[in-house]
$ cat query_22.pdb   # PDB, C-alpha atoms and all ligand atoms
MODEL        1
ATOM      1  CA  HIS A   1      -1.858  32.983  20.141  1.00  0.00           C
ATOM      2  CA  ILE A   2      -1.889  30.180  17.611  1.00  0.00           C
ATOM      3  CA  HIS A   3      -0.881  32.420  14.706  1.00  0.00           C
ATOM      4  CA  THR A   4       2.256  33.592  16.511  1.00  0.00           C
ATOM      5  CA  LEU A   5       3.125  30.042  17.635  1.00  0.00           C
ATOM      6  CA  ASN A   6       2.897  28.734  14.087  1.00  0.00           C
ATOM      7  CA  GLN A   7       5.153  31.488  12.801  1.00  0.00           C
ATOM      8  CA  SER A   8       7.832  30.768  15.360  1.00  0.00           C
ATOM      9  CA  ALA A   9       7.572  26.994  14.881  1.00  0.00           C
ATOM     10  CA  GLY A  10       7.857  27.123  11.085  1.00  0.00           C
ATOM     11  CA  ALA A  11       5.684  26.974   8.014  1.00  0.00           C
ATOM     12  CA  LEU A  12       2.457  25.027   8.218  1.00  0.00           C
ATOM     13  CA  GLU A  13       2.830  22.124   5.805  1.00  0.00           C
ATOM     14  CA  ALA A  14       1.174  18.867   4.829  1.00  0.00           C
ATOM     15  CA  THR A  15       2.942  15.641   3.918  1.00  0.00           C
ATOM     16  CA  LEU A  16       2.158  12.101   2.871  1.00  0.00           C
ATOM     17  CA  ALA A  17       3.349   9.395   5.250  1.00  0.00           C
ATOM     18  CA  LEU A  18       3.006   5.782   4.154  1.00  0.00           C
ATOM     19  CA  LEU A  19       3.219   2.722   6.376  1.00  0.00           C
ATOM     20  CA  LYS A  20       4.396   0.127   3.871  1.00  0.00           C
ATOM     21  CA  PRO A  21       3.029  -3.466   3.612  1.00  0.00           C
ATOM     22  CA  ASP A  22       5.398  -5.070   6.147  1.00  0.00           C
ATOM     23  CA  ILE A  23       4.090  -2.680   8.824  1.00  0.00           C
ATOM     24  CA  LEU A  24       0.449  -3.401   8.001  1.00  0.00           C
ATOM     25  CA  ALA A  25       1.175  -7.121   8.321  1.00  0.00           C
ATOM     26  CA  ASN A  26       1.535  -6.405  12.067  1.00  0.00           C
ATOM     27  CA  PRO A  27      -1.443  -4.401  13.397  1.00  0.00           C
ATOM     28  CA  ALA A  28       0.313  -3.770  16.724  1.00  0.00           C
ATOM     29  CA  PHE A  29       3.023  -1.888  14.839  1.00  0.00           C
ATOM     30  CA  VAL A  30       0.410   0.303  13.142  1.00  0.00           C
ATOM     31  CA  ASP A  31      -1.224   1.168  16.480  1.00  0.00           C
ATOM     32  CA  SER A  32       2.094   2.018  18.106  1.00  0.00           C
ATOM     33  CA  ILE A  33       3.234   4.260  15.245  1.00  0.00           C
ATOM     34  CA  ILE A  34      -0.120   6.051  15.019  1.00  0.00           C
ATOM     35  CA  ASN A  35      -0.017   6.665  18.794  1.00  0.00           C
ATOM     36  CA  ASP A  36       3.480   8.057  18.446  1.00  0.00           C
ATOM     37  CA  ILE A  37       2.359  10.501  15.757  1.00  0.00           C
ATOM     38  CA  GLN A  38      -0.702  11.565  17.773  1.00  0.00           C
ATOM     39  CA  ASN A  39       1.445  12.237  20.843  1.00  0.00           C
ATOM     40  CA  SER A  40       3.851  14.381  18.784  1.00  0.00           C
ATOM     41  CA  GLY A  41       1.460  17.273  18.271  1.00  0.00           C
ATOM     42  CA  MET A  42       1.382  16.779  14.502  1.00  0.00           C
ATOM     43  CA  LYS A  43      -2.115  16.305  13.129  1.00  0.00           C
ATOM     44  CA  ILE A  44      -3.440  13.279  11.262  1.00  0.00           C
ATOM     45  CA  ALA A  45      -5.691  15.075   8.778  1.00  0.00           C
ATOM     46  CA  LEU A  46      -6.734  11.966   6.831  1.00  0.00           C
ATOM     47  CA  ARG A  47      -6.047   8.237   6.840  1.00  0.00           C
ATOM     48  CA  LYS A  48      -6.815   5.662   4.195  1.00  0.00           C
ATOM     49  CA  GLN A  49      -5.769   2.092   3.543  1.00  0.00           C
ATOM     50  CA  VAL A  50      -4.822   1.577  -0.092  1.00  0.00           C
ATOM     51  CA  PHE A  51      -3.867  -1.554  -2.011  1.00  0.00           C
ATOM     52  CA  TRP A  52      -2.041  -0.384  -5.107  1.00  0.00           C
ATOM     53  CA  THR A  53      -2.036  -2.061  -8.474  1.00  0.00           C
ATOM     54  CA  GLN A  54       1.310  -2.408 -10.242  1.00  0.00           C
ATOM     55  CA  GLY A  55       0.357   0.585 -12.408  1.00  0.00           C
ATOM     56  CA  GLN A  56      -0.417   2.776  -9.391  1.00  0.00           C
ATOM     57  CA  ALA A  57       2.853   1.868  -7.652  1.00  0.00           C
ATOM     58  CA  GLU A  58       4.784   2.558 -10.873  1.00  0.00           C
ATOM     59  CA  GLN A  59       3.097   5.943 -11.199  1.00  0.00           C
ATOM     60  CA  PHE A  60       3.718   6.884  -7.555  1.00  0.00           C
ATOM     61  CA  TYR A  61       7.446   6.043  -7.891  1.00  0.00           C
ATOM     62  CA  ALA A  62       7.799   7.202 -11.520  1.00  0.00           C
ATOM     63  CA  GLU A  63      10.922   9.278 -10.707  1.00  0.00           C
ATOM     64  CA  HIS A  64      12.747   5.995  -9.901  1.00  0.00           C
ATOM     65  CA  ARG A  65      11.710   4.159 -13.082  1.00  0.00           C
ATOM     66  CA  ARG A  66      15.310   3.757 -14.362  1.00  0.00           C
ATOM     67  CA  ARG A  67      16.864   2.742 -11.014  1.00  0.00           C
ATOM     68  CA  PHE A  68      18.089  -0.817 -10.362  1.00  0.00           C
ATOM     69  CA  PHE A  69      15.692  -1.203  -7.415  1.00  0.00           C
ATOM     70  CA  PHE A  70      12.535  -0.108  -9.260  1.00  0.00           C
ATOM     71  CA  ASP A  71      11.069  -3.570  -9.980  1.00  0.00           C
ATOM     72  CA  ARG A  72      11.602  -4.859  -6.453  1.00  0.00           C
ATOM     73  CA  LEU A  73      10.221  -1.585  -5.050  1.00  0.00           C
ATOM     74  CA  VAL A  74       7.016  -1.929  -7.087  1.00  0.00           C
ATOM     75  CA  LYS A  75       6.726  -5.605  -6.127  1.00  0.00           C
ATOM     76  CA  TYR A  76       7.100  -4.703  -2.429  1.00  0.00           C
ATOM     77  CA  MET A  77       4.596  -1.856  -2.582  1.00  0.00           C
ATOM     78  CA  THR A  78       1.983  -4.112  -4.225  1.00  0.00           C
ATOM     79  CA  SER A  79       2.575  -7.081  -1.897  1.00  0.00           C
ATOM     80  CA  GLY A  80      -0.160  -5.933   0.494  1.00  0.00           C
ATOM     81  CA  PRO A  81      -2.113  -2.912   1.694  1.00  0.00           C
ATOM     82  CA  VAL A  82      -0.436   0.364   2.649  1.00  0.00           C
ATOM     83  CA  GLU A  83      -1.656   2.860   5.267  1.00  0.00           C
ATOM     84  CA  ALA A  84      -1.656   6.365   3.777  1.00  0.00           C
ATOM     85  CA  ILE A  85      -1.633   9.212   6.303  1.00  0.00           C
ATOM     86  CA  ALA A  86      -1.951  12.910   5.501  1.00  0.00           C
ATOM     87  CA  LEU A  87      -0.061  14.761   8.220  1.00  0.00           C
ATOM     88  CA  SER A  88      -0.217  18.489   8.837  1.00  0.00           C
ATOM     89  CA  GLY A  89       1.728  20.775  11.119  1.00  0.00           C
ATOM     90  CA  PRO A  90       4.668  23.181  11.298  1.00  0.00           C
ATOM     91  CA  ASN A  91       7.562  21.855   9.178  1.00  0.00           C
ATOM     92  CA  VAL A  92       5.863  18.454   9.096  1.00  0.00           C
ATOM     93  CA  ILE A  93       7.672  17.405   5.878  1.00  0.00           C
ATOM     94  CA  SER A  94      11.129  17.427   7.473  1.00  0.00           C
ATOM     95  CA  TRP A  95       9.708  16.358  10.848  1.00  0.00           C
ATOM     96  CA  TRP A  96       8.394  13.106   9.367  1.00  0.00           C
ATOM     97  CA  ARG A  97      11.532  12.531   7.246  1.00  0.00           C
ATOM     98  CA  GLN A  98      13.631  12.853  10.417  1.00  0.00           C
ATOM     99  CA  LYS A  99      11.325  10.592  12.377  1.00  0.00           C
ATOM    100  CA  MET A 100      11.627   7.911   9.640  1.00  0.00           C
ATOM    101  CA  GLY A 101      15.372   8.299   9.223  1.00  0.00           C
ATOM    102  CA  ALA A 102      17.209   7.847   5.915  1.00  0.00           C
ATOM    103  CA  THR A 103      16.497   5.170   3.312  1.00  0.00           C
ATOM    104  CA  ARG A 104      18.686   2.271   4.512  1.00  0.00           C
ATOM    105  CA  PRO A 105      17.604   0.598   7.793  1.00  0.00           C
ATOM    106  CA  ALA A 106      20.914  -1.217   8.400  1.00  0.00           C
ATOM    107  CA  GLN A 107      22.794   2.067   8.128  1.00  0.00           C
ATOM    108  CA  MET A 108      20.277   3.764  10.432  1.00  0.00           C
ATOM    109  CA  ARG A 109      20.750   1.058  13.064  1.00  0.00           C
ATOM    110  CA  MET A 110      24.392   2.172  13.203  1.00  0.00           C
ATOM    111  CA  THR A 111      23.865   5.954  13.107  1.00  0.00           C
ATOM    112  CA  ASN A 112      20.305   6.750  14.253  1.00  0.00           C
ATOM    113  CA  PRO A 113      18.967   3.721  16.177  1.00  0.00           C
ATOM    114  CA  THR A 114      15.831   5.424  17.491  1.00  0.00           C
ATOM    115  CA  CYS A 115      14.409   6.366  14.091  1.00  0.00           C
ATOM    116  CA  LEU A 116      11.485   4.360  12.728  1.00  0.00           C
ATOM    117  CA  ARG A 117      13.412   2.764   9.866  1.00  0.00           C
ATOM    118  CA  ALA A 118      16.109   1.578  12.283  1.00  0.00           C
ATOM    119  CA  ARG A 119      13.461   0.055  14.547  1.00  0.00           C
ATOM    120  CA  TYR A 120      11.134  -1.479  11.956  1.00  0.00           C
ATOM    121  CA  GLY A 121      12.896  -1.540   8.578  1.00  0.00           C
ATOM    122  CA  LEU A 122      13.877  -4.908   7.101  1.00  0.00           C
ATOM    123  CA  THR A 123      16.058  -4.217   4.039  1.00  0.00           C
ATOM    124  CA  ASP A 124      17.015  -1.341   1.726  1.00  0.00           C
ATOM    125  CA  THR A 125      13.885  -2.082  -0.304  1.00  0.00           C
ATOM    126  CA  ARG A 126      11.582  -3.072   2.544  1.00  0.00           C
ATOM    127  CA  ASN A 127      12.243  -0.012   4.677  1.00  0.00           C
ATOM    128  CA  SER A 128       8.701   0.228   6.075  1.00  0.00           C
ATOM    129  CA  PHE A 129       7.956   3.962   5.582  1.00  0.00           C
ATOM    130  CA  HIS A 130       7.572   6.707   3.031  1.00  0.00           C
ATOM    131  CA  GLY A 131       7.596  10.465   3.499  1.00  0.00           C
ATOM    132  CA  SER A 132       7.277  13.201   0.893  1.00  0.00           C
ATOM    133  CA  ASP A 133      10.591  14.985   0.288  1.00  0.00           C
ATOM    134  CA  SER A 134       9.361  18.525  -0.568  1.00  0.00           C
ATOM    135  CA  VAL A 135       6.286  20.752  -0.675  1.00  0.00           C
ATOM    136  CA  GLU A 136       5.891  19.901  -4.389  1.00  0.00           C
ATOM    137  CA  SER A 137       6.203  16.132  -3.851  1.00  0.00           C
ATOM    138  CA  ALA A 138       3.790  16.314  -0.915  1.00  0.00           C
ATOM    139  CA  LYS A 139       1.196  18.035  -3.062  1.00  0.00           C
ATOM    140  CA  ARG A 140       1.573  15.545  -5.917  1.00  0.00           C
ATOM    141  CA  GLU A 141       1.494  12.530  -3.581  1.00  0.00           C
ATOM    142  CA  LEU A 142      -1.416  13.741  -1.436  1.00  0.00           C
ATOM    143  CA  VAL A 143      -3.468  14.457  -4.556  1.00  0.00           C
ATOM    144  CA  PHE A 144      -2.482  11.037  -5.930  1.00  0.00           C
ATOM    145  CA  VAL A 145      -3.746   9.221  -2.827  1.00  0.00           C
ATOM    146  CA  PHE A 146      -6.576  11.394  -1.508  1.00  0.00           C
ATOM    147  CA  GLY A 147      -7.657  13.448  -4.551  1.00  0.00           C
ATOM    148  CA  GLN A 148      -7.584  17.175  -5.267  1.00  0.00           C
ATOM    149  CA  PRO A 149     -10.687  18.191  -3.207  1.00  0.00           C
ATOM    150  CA  ALA A 150      -9.355  16.435  -0.093  1.00  0.00           C
ATOM    151  CA  TYR A 151      -5.929  18.034  -0.631  1.00  0.00           C
ATOM    152  CA  LYS A 152      -7.512  21.497  -0.655  1.00  0.00           C
ATOM    153  CA  GLN A 153      -9.158  20.686   2.676  1.00  0.00           C
ATOM    154  CA  ILE A 154      -5.899  19.443   4.196  1.00  0.00           C
ATOM    155  CA  ILE A 155      -3.970  22.614   3.383  1.00  0.00           C
ATOM    156  CA  LEU A 156      -6.709  25.036   4.543  1.00  0.00           C
TER     157      LEU A 156
HETATM  158  P1  LIG A 201      13.171   7.595   0.415  1.00  0.00           P
HETATM  159  O1  LIG A 201      12.770   9.000   0.022  1.00  0.00           O
HETATM  160  O2  LIG A 201      14.084   7.544   1.616  1.00  0.00           O
HETATM  161  O3  LIG A 201      11.982   6.658   0.573  1.00  0.00           O
HETATM  162  O4  LIG A 201      14.088   7.001  -0.765  1.00  0.00           O
HETATM  163  P2  LIG A 201      13.950   7.177  -2.371  1.00  0.00           P
HETATM  164  O5  LIG A 201      12.864   8.142  -2.731  1.00  0.00           O
HETATM  165  O6  LIG A 201      15.315   7.456  -2.880  1.00  0.00           O
HETATM  166  O7  LIG A 201      13.580   5.703  -2.853  1.00  0.00           O
HETATM  167  C1  LIG A 201      12.238   5.245  -2.788  1.00  0.00           C
HETATM  168  C2  LIG A 201      12.240   3.847  -2.197  1.00  0.00           C
HETATM  169  O8  LIG A 201      12.969   2.966  -3.058  1.00  0.00           O
HETATM  170  C3  LIG A 201      12.937   3.714  -0.840  1.00  0.00           C
HETATM  171  O9  LIG A 201      12.130   4.080   0.252  1.00  0.00           O
HETATM  172  C4  LIG A 201      13.287   2.231  -0.842  1.00  0.00           C
HETATM  173  O10 LIG A 201      12.114   1.446  -0.565  1.00  0.00           O
HETATM  174  C5  LIG A 201      13.694   2.019  -2.284  1.00  0.00           C
HETATM  175  N1  LIG A 201      15.140   2.276  -2.467  1.00  0.00           N
HETATM  176  C6  LIG A 201      15.768   3.471  -2.553  1.00  0.00           C
HETATM  177  N2  LIG A 201      17.092   3.344  -2.696  1.00  0.00           N
HETATM  178  C7  LIG A 201      17.329   2.015  -2.713  1.00  0.00           C
HETATM  179  C8  LIG A 201      18.516   1.230  -2.845  1.00  0.00           C
HETATM  180  O11 LIG A 201      19.631   1.736  -2.962  1.00  0.00           O
HETATM  181  N3  LIG A 201      18.369  -0.135  -2.810  1.00  0.00           N
HETATM  182  C9  LIG A 201      17.149  -0.727  -2.702  1.00  0.00           C
HETATM  183  N4  LIG A 201      17.080  -2.058  -2.681  1.00  0.00           N
HETATM  184  N5  LIG A 201      15.996  -0.011  -2.559  1.00  0.00           N
HETATM  185  C10 LIG A 201      16.082   1.336  -2.565  1.00  0.00           C
HETATM  186 MG    MG A 202      11.734   9.556  -1.751  1.00  0.00          MG
ENDMDL
END
$ encode --input "query_22.pdb" --output "structure tokens"
Amino acid sequence: HIHTLNQSAGALEATLALLKPDILANPAFVDSIINDIQNSGMKIALRKQVFWTQGQAEQFYAEHRRRFFFDRLVKYMTSGPVEAIALSGPNVISWWRQKMGATRPAQMRMTNPTCLRARYGLTDTRNSFHGSDSVESAKRELVFVFGQPAYKQIIL
């Protein structure tokens, strides 16, 4: 029974995955990554292409405002459209973070060569993917991109 399966597999969660502008510049990459997600058993609840203004990118990454990489991060994230994907499934927050790998692609190519950032990431800034890091971040980020009513639907 589905209820029992979900309990044994972990908490049902939602997360925000972003395919950053360098991925969208290559439509074949988008198709391959979306296929990968669909074959995983995790659910794509919503998808939306967004093209952030500087203000929107600054708001999304507000926690990093004082970091040395903030300006280049905002410039990167406003250099082209981004594919926003609301994923749902058991433990999907950590599932997607593991699938991406950690922040730095060059380091991942040494330690975790099959993760997405190792395969697609370009630099520490242009690392091709985002994933929410907690239930609270996921809620804030999903509401930011898709709005509160859509978020309520996703977590039903
Ligand atoms: P994430 O959760 O792995 O995406 O990493 P963070 O939340 O710490 O940082 C947000 C984004 O800022 C990362 O995905 C990178 O695009 C960028 N970033 C983080 N740390 C660094 C860094 O040390 N150097 C540079 N150049 N960019 C960074
Ligand atoms: Mg983060």
$ resolve_selection --input "query_22.pdb" --expression "the PyMOL selection byres (((not hetatm)) within 8 of (chain A and resi 202))" --output "list in words"
His130, Gly131, Ser132 and Asp133 of chain A
$ residues_near_point --input "query_22.pdb" --point "(-2.8, -5.4, 4.2)" --cutoff "8 Å" --atoms "only C-alpha atoms" --output "list in words"
Pro21, Leu24, Ala25, Phe51, Gly80, Pro81 and Val82 of chain A
$ residues_near_point --input "query_22.pdb" --point "(9.7, 22.4, 0.9)" --cutoff "12 Å" --atoms "only C-alpha atoms" --output "list in words"
Gly10, Ala11, Leu12, Glu13, Ala14, Thr15, Pro90, Asn91, Val92, Ile93, Ser94, Trp95, Arg97, Ser132, Asp133, Ser134, Val135, Glu136, Ser137, Ala138 and Lys139 of chain A
$ closest_atom_pairs --input "query_22.pdb" --of "chain A" --to "ligand LIG 201 (chain A)" --cutoff "8 Å" --atoms "only C-alpha atoms and all ligand atoms" --output "JSON lines"
{"residue": "A:Tyr61", "atom": "CA", "partner": "A:LIG201", "partner_atom": "C1", "distance": 7.0}
{"residue": "A:His64", "atom": "CA", "partner": "A:LIG201", "partner_atom": "O7", "distance": 7.1}
{"residue": "A:Phe68", "atom": "CA", "partner": "A:LIG201", "partner_atom": "N3", "distance": 7.6}
{"residue": "A:Phe69", "atom": "CA", "partner": "A:LIG201", "partner_atom": "C9", "distance": 5.0}
{"residue": "A:Phe70", "atom": "CA", "partner": "A:LIG201", "partner_atom": "O8", "distance": 6.9}
{"residue": "A:Arg72", "atom": "CA", "partner": "A:LIG201", "partner_atom": "N4", "distance": 7.2}
{"residue": "A:Leu73", "atom": "CA", "partner": "A:LIG201", "partner_atom": "O8", "distance": 5.7}
{"residue": "A:Arg97", "atom": "CA", "partner": "A:LIG201", "partner_atom": "O2", "distance": 7.9}
{"residue": "A:Gly101", "atom": "CA", "partner": "A:LIG201", "partner_atom": "O2", "distance": 7.8}
{"residue": "A:Ala102", "atom": "CA", "partner": "A:LIG201", "partner_atom": "O2", "distance": 5.3}
{"residue": "A:Thr103", "atom": "CA", "partner": "A:LIG201", "partner_atom": "O2", "distance": 3.8}
{"residue": "A:Arg104", "atom": "CA", "partner": "A:LIG201", "partner_atom": "C7", "distance": 7.4}
{"residue": "A:Thr123", "atom": "CA", "partner": "A:LIG201", "partner_atom": "N4", "distance": 7.1}
{"residue": "A:Asp124", "atom": "CA", "partner": "A:LIG201", "partner_atom": "N4", "distance": 4.5}
{"residue": "A:Thr125", "atom": "CA", "partner": "A:LIG201", "partner_atom": "N5", "distance": 3.7}
{"residue": "A:Arg126", "atom": "CA", "partner": "A:LIG201", "partner_atom": "O10", "distance": 5.5}
{"residue": "A:Asn127", "atom": "CA", "partner": "A:LIG201", "partner_atom": "O10", "distance": 5.4}
{"residue": "A:Ser128", "atom": "CA", "partner": "A:LIG201", "partner_atom": "O10", "distance": 7.6}
{"residue": "A:Phe129", "atom": "CA", "partner": "A:LIG201", "partner_atom": "O9", "distance": 6.8}
{"residue": "A:His130", "atom": "CA", "partner": "A:LIG201", "partner_atom": "O3", "distance": 5.0}
{"residue": "A:Gly131", "atom": "CA", "partner": "A:LIG201", "partner_atom": "O1", "distance": 6.4}
{"residue": "A:Ser132", "atom": "CA", "partner": "A:LIG201", "partner_atom": "O1", "distance": 7.0}
{"residue": "A:Asp133", "atom": "CA", "partner": "A:LIG201", "partner_atom": "O1", "distance": 6.4}
$ atom_distance --input "query_22.pdb" --atom1 "CA of Arg117 (chain A)" --atom2 "CA of Lys99 (chain A)"
8.5 Å
$ atom_distance --input "query_22.pdb" --atom1 "CA of Glu58 (chain A)" --atom2 "CA of Arg140 (chain A)"
14.3 Å
$ residues_around --input "query_22.pdb" --residues "Leu46 (chain A)" --least-positions-apart "6" --cutoff "9 Å" --atoms "all atoms listed in the file" --output "list in words"
Ala84, Ile85, Ala86, Leu87, Phe146, Ala150 and Ile154 of chain A
$ resolve_selection --input "query_22.pdb" --expression "the PyMOL selection byres (((chain A and resi 48) around 6) and not hetatm)" --output "list in words"
Arg47, Gln49, Glu83 and Ala84 of chain A
$ atom_distance --input "query_22.pdb" --atom1 "CA of Ile33 (chain A)" --atom2 "CA of Met110 (chain A)"
21.4 Å
$ axis_aligned_box --input "query_22.pdb" --around "region 114-127 of chain A" --padding-each-side "5 Å" --output "JSON"
{"center_x": 14.1, "center_y": 0.7, "center_z": 8.6, "size_x": 15.9, "size_y": 21.3, "size_z": 27.8}
$ resolve_selection --input "query_22.pdb" --expression "the PyMOL selection byres (((chain A and resi 120) around 9) and not hetatm)" --output "JSON, numbers by chain"
{"A": [22, 23, 29, 105, 115, 116, 117, 118, 119, 121, 122, 127, 128, 129]}
$ closest_residue --input "query_22.pdb" --among "A:Phe60, A:Ala28, A:Trp52, A:Ser88" --to "Ser40 (chain A)" --atoms "all atoms listed in the file"
A:Ser88
